[in-house]
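Each remark here refers to the structure printed beneath this line.
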Amino acid sequence: MPRVLAIDFGLKRTGLAVTDPLRIIATALDTVPSAELLDFLKVYVGKEPVDGFVVGLPMHLDGKPAEIAPNVHALIDVLKTTFPALWVETVDERFTSRMAQQTLLASGKGKMARREKGQLDRISATIILQGWMEGGGSRQ
C-alpha cells in the first residue's frame, strides 16, 4: 500500500512525516527549508510509492484561518498541479505545535538537543499525520 506524507508548512522550514506502507505508524521524515520543499517531494515521490498528502491547515482558536493560511493554500495548489495523480487533504493543526513542544520535553532530551528547530517541525508533522490516521482520514 502506498504511503501518506504529512506536511507542516512554515515560511522558513517545513516538517514532514510519513506512514509506513501498511499505514499503521506515523514517523517523522525530515525538516527541509520551505524553498526546497517541492524538490524534496519530487525526489521522495520518485523513490517511494505515495498515495497522497495530508497538509496541516493553521487556524486560530476561534476557528479563523491563521495569517499563514494563504501560503498553505498556495502550497496545496502547487501540490495538486505537480502531483495530479495524488490526493491532498487538510487537517486542522491548531494544537500541534504545543503538543510537539510537550512531546519534546517529555522525551528527556537535554536543553541543547531540544533547541534544534527542525525537531518541532518534524514532530508537528507526525502529530498531524497520526491525528489524520486516528480520525480515519477519508483516503484510508
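By convention here, the chains of the C-alpha cells are called A, B, ... in the order presented, each chain's residues are numbered starting at 1, and ligands are numbered starting at 1 in the order presented.
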### Task
Within region 3-76 of chain A, find each residue whose DSSP state, derived from the backbone, is strand (DSSP E), and express the selection as a list of chain:residue names.
A:Arg3, A:Val4, A:Leu5, A:Ala6, A:Ile7, A:Asp8, A:Arg13, A:Thr14, A:Gly15, A:Leu16, A:Ala17, A:Val18, A:Thr19, A:Ala26, A:Thr27, A:Ala28, A:Leu29, A:Asp30, A:Thr31, A:Val32, A:Pro33, A:Val50, A:Asp51, A:Gly52, A:Phe53, A:Val54, A:Val55, A:Gly56, A:Leu57
### Message
Give me, as a ChimeraX atom specification, all polymer residues having an atom no more than 10 Å from Thr82 (chain A), counting only C-alpha atoms and skipping those fewer than 4 positions away in the same chain.
### Response
/A:38,41-42,76-78,86
Could the residues in this selection be saved with N, CA and C atoms as a tab-separated table (two decimals), in the first residue's frame?
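Saved as result-v4.tsv:
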chain	number	residue	atom	x	y	z
A	38	LEU	N	9.46	21.50	-2.65
A	38	LEU	CA	8.96	20.86	-3.86
A	38	LEU	C	10.01	19.91	-4.46
A	41	LEU	N	10.12	16.79	-2.32
A	41	LEU	CA	8.95	15.93	-2.56
A	41	LEU	C	9.05	15.19	-3.89
A	42	LYS	N	9.54	15.85	-4.92
A	42	LYS	CA	9.70	15.19	-6.23
A	42	LYS	C	10.64	14.00	-6.12
A	76	ILE	N	-0.90	23.92	-1.47
A	76	ILE	CA	-1.84	22.87	-1.87
A	76	ILE	C	-2.09	22.94	-3.38
A	77	ASP	N	-2.26	24.14	-3.91
A	77	ASP	CA	-2.45	24.29	-5.36
A	77	ASP	C	-1.24	23.76	-6.13
A	78	VAL	N	-0.04	24.06	-5.62
A	78	VAL	CA	1.19	23.58	-6.28
A	78	VAL	C	1.26	22.05	-6.20
A	86	LEU	N	-1.98	12.31	-7.19
A	86	LEU	CA	-2.05	12.15	-5.74
A	86	LEU	C	-3.12	13.07	-5.15
### Task
Check the smallest atom-to-atom distance from each of A:Ile24, A:Leu5, A:Val18, A:Val32 to Gln119 (chain A) using only C-alpha atoms, then report the winner.
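Result for the nearest residue to Gln119 (chain A): A:Val32.
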Tell me which protein, DNA and RNA residues are within 9 Å of Gln130 (chain A), counting only C-alpha atoms, leaving out same-chain ones fewer than 3 positions away, and put them as a tab-separated table (two decimals) with C-alpha atoms, in the first residue's frame.
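Final file, part-v6.tsv:
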chain	number	residue	atom	x	y	z
A	19	THR	CA	3.23	6.49	7.23
A	25	ILE	CA	2.61	4.11	12.18
A	26	ALA	CA	3.36	7.78	11.52
A	27	THR	CA	7.07	8.57	11.57
A	125	ALA	CA	4.05	16.81	11.07
A	126	THR	CA	3.99	13.44	12.82
A	127	ILE	CA	1.19	14.61	15.14
A	133	MET	CA	-4.84	8.27	10.80
A	134	GLU	CA	-6.71	8.06	14.11
A	135	GLY	CA	-9.57	10.13	12.71
### Message
Show me, as number ranges by chain, the residues that have an atom within 9 Å of Ile128 (chain A) when counting only C-alpha atoms, minus same-chain residues fewer than 4 positions from it.
### Response
A: 6-8, 17, 54-56, 91-93, 96, 123-124, 132-133
### Query
Rounded to one decimal in Å, what is the spacing between CA of Tyr44 (chain A) and CA of Pro2 (chain A)?
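Pair CA of Tyr44 (chain A) / CA of Pro2 (chain A) returns 12.4 Å.
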### Query
From the set A:Asp30, A:Gly52, A:Glu67, A:Pro58, which residue has the shortest atom-to-atom contact distance to Pro84 (chain A), counting only C-alpha atoms?
A:Gly52
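One finds CA of Lys12 (chain A) at 24.6 Å from CA of Trp87 (chain A).
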### Query
Which of these residues is nearest to Thr90 (chain A), using only C-alpha atoms: A:Ile68, A:Leu22, A:Leu120, A:Leu57?
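Of the candidates, the smallest distance to Thr90 (chain A) is held by A:Leu57.
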